[in-house]
Amino acid sequence: MRRALRVGLLGMVLLAGISAAAAAQEVHQIRLQMNARNDEYRFSPSTITARPGDVLLFRTVSGAPHSVVFEPKGLSPRARDALNSAMPRRSADLSSPLLTEDGAEYRVVVPPLPAGAYAFYCLPHRAYDMRGELRIR
Ligand SMILES: [Cu+2]
């Protein structure tokens, strides 16, 4: 009897831990947009602080086509593999497909990455300095 109670309590503690972990997953929306008045292209926000397991939801708002390309410089081979695996329908190394229409979405589940800063940019608007940074805590 007492043993069953103990096992039951342990189960509840484990379940509580699992649901807390699931609730901790955050969705970060990042808008990809242009400002027609000054020809400015940007990710908004341009700095995202996230944890592995969080979702990055890139959404093109205006000025498409856009893309998301992680900067390979300084990445360990393992981090590079992890990022590539996390990016659906890649068009090239560390590159999302071209998001050709406003309203398009691109989801990346943040893979296990060491804490640090991961730079990314938009290939079509690289010359316009459209870039951002993913910070892993
Ligand atoms: Cu762009």
# chains A, B, ... in the order shown; residues from 1 in each chain; ligands from 1
$ residues_near_ligand --ligand "ligand 1" --cutoff "7 Å" --atoms "only C-alpha atoms and all ligand atoms" --output "PyMOL selection string"
chain A and resi 32+41-42+63-67+122-125+130
$ residues_around --residues "stretch 45-51 of chain A" --least-positions-apart "2" --cutoff "7 Å" --atoms "only C-alpha atoms" --output "compact mmCIF listing (two decimals) with all heavy atoms, in the first residue's frame"
# COMPACT_ATOMS: atom_id res chain seq x y z
N ILE A 30 9.25 35.89 -35.98
CA ILE A 30 10.18 36.85 -36.57
C ILE A 30 9.60 37.31 -37.90
O ILE A 30 9.35 36.48 -38.78
CB ILE A 30 11.58 36.23 -36.78
CG1 ILE A 30 12.12 35.66 -35.47
CG2 ILE A 30 12.56 37.26 -37.35
CD1 ILE A 30 12.29 34.19 -35.44
N PHE A 43 14.78 41.77 -40.38
CA PHE A 43 14.13 40.80 -39.52
C PHE A 43 13.67 41.56 -38.29
O PHE A 43 14.43 42.37 -37.75
CB PHE A 43 15.12 39.71 -39.08
CG PHE A 43 15.60 38.81 -40.18
CD1 PHE A 43 16.78 39.07 -40.86
CD2 PHE A 43 14.87 37.67 -40.52
CE1 PHE A 43 17.23 38.22 -41.86
CE2 PHE A 43 15.32 36.82 -41.52
CZ PHE A 43 16.50 37.09 -42.20
N GLY A 53 14.72 23.48 -28.56
CA GLY A 53 13.34 23.03 -28.42
C GLY A 53 12.34 24.13 -28.71
O GLY A 53 11.18 23.86 -29.03
N ASP A 54 12.77 25.38 -28.60
CA ASP A 54 11.89 26.50 -28.97
C ASP A 54 11.66 26.49 -30.48
O ASP A 54 12.44 25.91 -31.23
CB ASP A 54 12.51 27.85 -28.58
CG ASP A 54 12.43 28.14 -27.09
OD1 ASP A 54 11.87 27.31 -26.35
OD2 ASP A 54 12.93 29.20 -26.67
N VAL A 110 14.54 24.92 -32.75
CA VAL A 110 15.94 25.14 -32.37
C VAL A 110 16.57 23.83 -31.93
O VAL A 110 16.08 23.19 -30.99
CB VAL A 110 16.04 26.19 -31.23
CG1 VAL A 110 17.49 26.38 -30.79
CG2 VAL A 110 15.42 27.51 -31.67
N ARG A 131 19.84 41.21 -41.67
CA ARG A 131 20.39 40.10 -40.91
C ARG A 131 19.93 40.10 -39.47
O ARG A 131 19.34 41.08 -39.00
CB ARG A 131 21.92 40.07 -41.00
CG ARG A 131 22.60 41.31 -40.54
CD ARG A 131 24.05 41.29 -41.06
NE ARG A 131 24.67 42.59 -40.92
CZ ARG A 131 25.36 42.96 -39.84
NH1 ARG A 131 25.49 42.12 -38.84
NH2 ARG A 131 25.88 44.15 -39.77
N GLY A 132 20.21 38.99 -38.80
CA GLY A 132 19.79 38.87 -37.42
C GLY A 132 20.71 37.92 -36.67
O GLY A 132 21.70 37.43 -37.23
N GLU A 133 20.36 37.71 -35.41
CA GLU A 133 21.19 36.86 -34.57
C GLU A 133 20.32 36.03 -33.64
O GLU A 133 19.42 36.56 -32.98
CB GLU A 133 22.12 37.75 -33.75
CG GLU A 133 23.19 36.97 -33.02
CD GLU A 133 24.18 37.92 -32.35
OE1 GLU A 133 23.89 38.37 -31.23
OE2 GLU A 133 25.22 38.21 -32.97
N LEU A 134 20.61 34.74 -33.64
CA LEU A 134 19.95 33.82 -32.71
C LEU A 134 20.90 33.63 -31.53
O LEU A 134 22.05 33.23 -31.71
CB LEU A 134 19.69 32.48 -33.40
CG LEU A 134 19.23 31.33 -32.52
CD1 LEU A 134 17.87 31.61 -31.88
CD2 LEU A 134 19.18 30.03 -33.34
N ARG A 135 20.41 33.95 -30.34
CA ARG A 135 21.23 33.73 -29.14
C ARG A 135 20.69 32.55 -28.37
O ARG A 135 19.51 32.55 -28.00
CB ARG A 135 21.23 34.98 -28.26
CG ARG A 135 21.97 36.11 -28.92
CD ARG A 135 22.10 37.31 -28.01
NE ARG A 135 22.73 38.39 -28.78
CZ ARG A 135 22.61 39.67 -28.50
NH1 ARG A 135 21.90 40.04 -27.46
NH2 ARG A 135 23.18 40.59 -29.25
N ILE A 136 21.55 31.58 -28.17
CA ILE A 136 21.16 30.40 -27.42
C ILE A 136 21.62 30.57 -25.98
O ILE A 136 22.79 30.86 -25.73
CB ILE A 136 21.80 29.13 -28.04
CG1 ILE A 136 21.38 28.96 -29.50
CG2 ILE A 136 21.46 27.89 -27.21
CD1 ILE A 136 19.91 28.65 -29.70
N ARG A 137 20.67 30.39 -25.07
CA ARG A 137 21.00 30.53 -23.64
C ARG A 137 21.55 29.22 -23.11
O ARG A 137 21.11 28.17 -23.50
CB ARG A 137 19.75 30.85 -22.81
CG ARG A 137 19.00 32.03 -23.26
CD ARG A 137 17.89 32.29 -22.28
NE ARG A 137 16.64 31.82 -22.80
CZ ARG A 137 15.45 32.33 -22.50
NH1 ARG A 137 15.38 33.31 -21.65
NH2 ARG A 137 14.36 31.86 -23.02
$ select_by_dssp --residues "chain A" --states "helix (DSSP H, G or I)" --output "JSON, numbers by chain"
{"A": [2, 3, 4, 5, 6, 7, 8, 9, 10, 11, 12, 13, 14, 15, 16, 17, 18, 19, 20, 21, 22, 23, 77, 78, 79, 80, 81, 82, 83, 84, 85, 86, 126, 127, 128]}
$ atom_distance --atom1 "atom CA of A:Val55" --atom2 "atom CA of A:Arg31"
13.8 Å
$ closest_residue --among "A:Ala104, A:Ala86, A:Ala92, A:Ala79" --to "A:Phe58" --atoms "only C-alpha atoms"
A:Ala104
$ closest_residue --among "A:Ser96, A:Gln25, A:Ser91, A:Asn35" --to "A:Phe120" --atoms "only C-alpha atoms"
A:Ser96
$ residues_around --residues "A:Ser76" --least-positions-apart "3" --cutoff "12 Å" --atoms "only C-alpha atoms" --output "ChimeraX atom specification"
/A:71-73,79-83,113-114,116,118
$ write_last_selection --atoms "C-alpha atoms" --output "PDB file, in the first residue's frame"
ATOM      1  CA  GLU A  71      26.407  32.169 -41.238  1.00  0.00           C
ATOM      2  CA  PRO A  72      28.776  29.168 -41.399  1.00  0.00           C
ATOM      3  CA  LYS A  73      31.757  31.120 -40.078  1.00  0.00           C
ATOM      4  CA  ALA A  79      26.578  22.745 -34.715  1.00  0.00           C
ATOM      5  CA  ARG A  80      26.487  23.016 -38.490  1.00  0.00           C
ATOM      6  CA  ASP A  81      24.990  19.528 -38.798  1.00  0.00           C
ATOM      7  CA  ALA A  82      22.451  20.292 -36.074  1.00  0.00           C
ATOM      8  CA  LEU A  83      21.345  23.490 -37.796  1.00  0.00           C
ATOM      9  CA  LEU A 113      23.316  23.954 -29.851  1.00  0.00           C
ATOM     10  CA  PRO A 114      25.977  25.222 -27.499  1.00  0.00           C
ATOM     11  CA  GLY A 116      26.309  31.448 -27.974  1.00  0.00           C
ATOM     12  CA  TYR A 118      24.427  32.393 -34.340  1.00  0.00           C
TER      13      TYR A 118
END
$ atom_distance --atom1 "atom CA of A:Pro111" --atom2 "atom CA of A:Ser44"
21.3 Å
$ atom_distance --atom1 "atom CA of A:Tyr106" --atom2 "atom CA of A:His28"
11.6 Å
$ select_by_dssp --residues "chain A" --states "strand (DSSP E)" --output "number ranges by chain"
A: 27-35, 40-44, 47-50, 55-60, 69-70, 105-109, 116-121, 131-136
$ decode --residues "stretch 90-125 of chain A" --atoms "N, CA, C and O atoms" --output "mmCIF file, in the first residue's frame"
data_model
loop_
_atom_site.group_PDB
_atom_site.id
_atom_site.type_symbol
_atom_site.label_atom_id
_atom_site.label_comp_id
_atom_site.auth_asym_id
_atom_site.auth_seq_id
_atom_site.Cartn_x
_atom_site.Cartn_y
_atom_site.Cartn_z
ATOM 1 N N ARG A 90 15.724 22.552 -47.134
ATOM 2 C CA ARG A 90 16.877 23.416 -47.390
ATOM 3 C C ARG A 90 17.143 23.571 -48.884
ATOM 4 O O ARG A 90 17.008 22.631 -49.649
ATOM 5 N N SER A 91 17.576 24.773 -49.262
ATOM 6 C CA SER A 91 17.954 24.997 -50.659
ATOM 7 C C SER A 91 19.458 24.843 -50.833
ATOM 8 O O SER A 91 19.937 24.645 -51.937
ATOM 9 N N ALA A 92 20.206 24.967 -49.747
ATOM 10 C CA ALA A 92 21.669 24.832 -49.775
ATOM 11 C C ALA A 92 22.119 24.703 -48.330
ATOM 12 O O ALA A 92 21.291 24.687 -47.421
ATOM 13 N N ASP A 93 23.437 24.632 -48.140
ATOM 14 C CA ASP A 93 23.982 24.530 -46.790
ATOM 15 C C ASP A 93 23.442 25.671 -45.928
ATOM 16 O O ASP A 93 23.541 26.851 -46.314
ATOM 17 N N LEU A 94 22.837 25.328 -44.811
ATOM 18 C CA LEU A 94 22.364 26.298 -43.816
ATOM 19 C C LEU A 94 21.351 27.297 -44.373
ATOM 20 O O LEU A 94 21.198 28.387 -43.832
ATOM 21 N N SER A 95 20.668 26.936 -45.461
ATOM 22 C CA SER A 95 19.786 27.871 -46.166
ATOM 23 C C SER A 95 18.358 27.373 -46.247
ATOM 24 O O SER A 95 18.107 26.252 -46.694
ATOM 25 N N SER A 96 17.431 28.250 -45.883
ATOM 26 C CA SER A 96 16.016 27.937 -46.083
ATOM 27 C C SER A 96 15.728 27.982 -47.582
ATOM 28 O O SER A 96 16.538 28.509 -48.348
ATOM 29 N N PRO A 97 14.570 27.472 -47.997
ATOM 30 C CA PRO A 97 14.170 27.732 -49.383
ATOM 31 C C PRO A 97 13.866 29.221 -49.526
ATOM 32 O O PRO A 97 13.714 29.937 -48.529
ATOM 33 N N LEU A 98 13.781 29.682 -50.736
ATOM 34 C CA LEU A 98 13.383 31.059 -50.989
ATOM 35 C C LEU A 98 11.898 31.187 -50.641
ATOM 36 O O LEU A 98 11.074 30.392 -51.104
ATOM 37 N N LEU A 99 11.580 32.135 -49.784
ATOM 38 C CA LEU A 99 10.183 32.364 -49.395
ATOM 39 C C LEU A 99 9.657 33.427 -50.344
ATOM 40 O O LEU A 99 9.920 34.621 -50.181
ATOM 41 N N THR A 100 8.957 32.974 -51.375
ATOM 42 C CA THR A 100 8.679 33.857 -52.515
ATOM 43 C C THR A 100 7.449 34.734 -52.330
ATOM 44 O O THR A 100 7.289 35.701 -53.060
ATOM 45 N N GLU A 101 6.594 34.369 -51.363
ATOM 46 C CA GLU A 101 5.357 35.145 -51.231
ATOM 47 C C GLU A 101 5.219 35.747 -49.845
ATOM 48 O O GLU A 101 5.535 35.095 -48.852
ATOM 49 N N ASP A 102 4.700 36.956 -49.783
ATOM 50 C CA ASP A 102 4.388 37.525 -48.479
ATOM 51 C C ASP A 102 3.300 36.679 -47.840
ATOM 52 O O ASP A 102 2.369 36.239 -48.502
ATOM 53 N N GLY A 103 3.446 36.408 -46.555
ATOM 54 C CA GLY A 103 2.522 35.530 -45.860
ATOM 55 C C GLY A 103 3.083 34.127 -45.669
ATOM 56 O O GLY A 103 2.508 33.336 -44.931
ATOM 57 N N ALA A 104 4.204 33.826 -46.318
ATOM 58 C CA ALA A 104 4.814 32.507 -46.171
ATOM 59 C C ALA A 104 5.430 32.366 -44.780
ATOM 60 O O ALA A 104 5.870 33.352 -44.176
ATOM 61 N N GLU A 105 5.438 31.130 -44.285
ATOM 62 C CA GLU A 105 6.035 30.869 -42.979
ATOM 63 C C GLU A 105 7.126 29.817 -43.103
ATOM 64 O O GLU A 105 7.033 28.934 -43.949
ATOM 65 N N TYR A 106 8.100 29.949 -42.246
ATOM 66 C CA TYR A 106 9.178 28.966 -42.193
ATOM 67 C C TYR A 106 9.486 28.668 -40.737
ATOM 68 O O TYR A 106 9.817 29.581 -39.973
ATOM 69 N N ARG A 107 9.322 27.402 -40.360
ATOM 70 C CA ARG A 107 9.485 27.006 -38.951
ATOM 71 C C ARG A 107 10.788 26.256 -38.750
ATOM 72 O O ARG A 107 11.083 25.318 -39.484
ATOM 73 N N VAL A 108 11.506 26.646 -37.743
ATOM 74 C CA VAL A 108 12.730 25.938 -37.359
ATOM 75 C C VAL A 108 12.618 25.622 -35.874
ATOM 76 O O VAL A 108 12.407 26.531 -35.064
ATOM 77 N N VAL A 109 12.706 24.348 -35.520
ATOM 78 C CA VAL A 109 12.783 23.987 -34.110
ATOM 79 C C VAL A 109 14.257 24.066 -33.726
ATOM 80 O O VAL A 109 15.105 23.405 -34.341
ATOM 81 N N VAL A 110 14.544 24.917 -32.753
ATOM 82 C CA VAL A 110 15.944 25.143 -32.371
ATOM 83 C C VAL A 110 16.566 23.826 -31.925
ATOM 84 O O VAL A 110 16.082 23.190 -30.987
ATOM 85 N N PRO A 111 17.634 23.413 -32.602
ATOM 86 C CA PRO A 111 18.269 22.134 -32.252
ATOM 87 C C PRO A 111 19.166 22.299 -31.031
ATOM 88 O O PRO A 111 19.403 23.428 -30.586
ATOM 89 N N PRO A 112 19.667 21.184 -30.512
ATOM 90 C CA PRO A 112 20.624 21.301 -29.407
ATOM 91 C C PRO A 112 21.890 21.997 -29.921
ATOM 92 O O PRO A 112 22.568 21.459 -30.791
ATOM 93 N N LEU A 113 22.138 23.175 -29.436
ATOM 94 C CA LEU A 113 23.316 23.954 -29.851
ATOM 95 C C LEU A 113 23.998 24.478 -28.598
ATOM 96 O O LEU A 113 23.317 24.794 -27.623
ATOM 97 N N PRO A 114 25.307 24.602 -28.645
ATOM 98 C CA PRO A 114 25.977 25.222 -27.499
ATOM 99 C C PRO A 114 25.530 26.674 -27.338
ATOM 100 O O PRO A 114 25.183 27.323 -28.338
ATOM 101 N N ALA A 115 25.535 27.142 -26.096
ATOM 102 C CA ALA A 115 25.177 28.547 -25.848
ATOM 103 C C ALA A 115 26.082 29.444 -26.672
ATOM 104 O O ALA A 115 27.255 29.133 -26.876
ATOM 105 N N GLY A 116 25.509 30.528 -27.173
ATOM 106 C CA GLY A 116 26.309 31.448 -27.974
ATOM 107 C C GLY A 116 25.453 32.151 -28.998
ATOM 108 O O GLY A 116 24.228 32.038 -28.979
ATOM 109 N N ALA A 117 26.096 32.874 -29.898
ATOM 110 C CA ALA A 117 25.391 33.674 -30.901
ATOM 111 C C ALA A 117 25.560 33.052 -32.286
ATOM 112 O O ALA A 117 26.656 32.645 -32.655
ATOM 113 N N TYR A 118 24.446 32.982 -33.002
ATOM 114 C CA TYR A 118 24.427 32.393 -34.340
ATOM 115 C C TYR A 118 23.841 33.434 -35.291
ATOM 116 O O TYR A 118 22.665 33.772 -35.209
ATOM 117 N N ALA A 119 24.676 33.915 -36.192
ATOM 118 C CA ALA A 119 24.245 34.981 -37.100
ATOM 119 C C ALA A 119 23.521 34.385 -38.301
ATOM 120 O O ALA A 119 23.849 33.289 -38.759
ATOM 121 N N PHE A 120 22.516 35.104 -38.767
ATOM 122 C CA PHE A 120 21.838 34.688 -39.997
ATOM 123 C C PHE A 120 21.521 35.915 -40.840
ATOM 124 O O PHE A 120 21.593 37.057 -40.364
ATOM 125 N N TYR A 121 21.234 35.679 -42.092
ATOM 126 C CA TYR A 121 20.922 36.787 -42.997
ATOM 127 C C TYR A 121 19.926 36.322 -44.040
ATOM 128 O O TYR A 121 19.626 35.121 -44.145
ATOM 129 N N CYS A 122 19.412 37.282 -44.801
ATOM 130 C CA CYS A 122 18.504 36.983 -45.902
ATOM 131 C C CYS A 122 19.304 37.080 -47.196
ATOM 132 O O CYS A 122 19.895 38.139 -47.464
ATOM 133 N N LEU A 123 19.341 36.004 -47.941
ATOM 134 C CA LEU A 123 20.181 36.009 -49.148
ATOM 135 C C LEU A 123 19.763 37.078 -50.174
ATOM 136 O O LEU A 123 20.618 37.828 -50.642
ATOM 137 N N PRO A 124 18.478 37.192 -50.524
ATOM 138 C CA PRO A 124 18.128 38.215 -51.512
ATOM 139 C C PRO A 124 18.453 39.653 -51.061
ATOM 140 O O PRO A 124 18.659 40.523 -51.890
ATOM 141 N N HIS A 125 18.491 39.865 -49.751
ATOM 142 C CA HIS A 125 18.703 41.229 -49.252
ATOM 143 C C HIS A 125 19.974 41.349 -48.422
ATOM 144 O O HIS A 125 20.074 42.196 -47.538
#
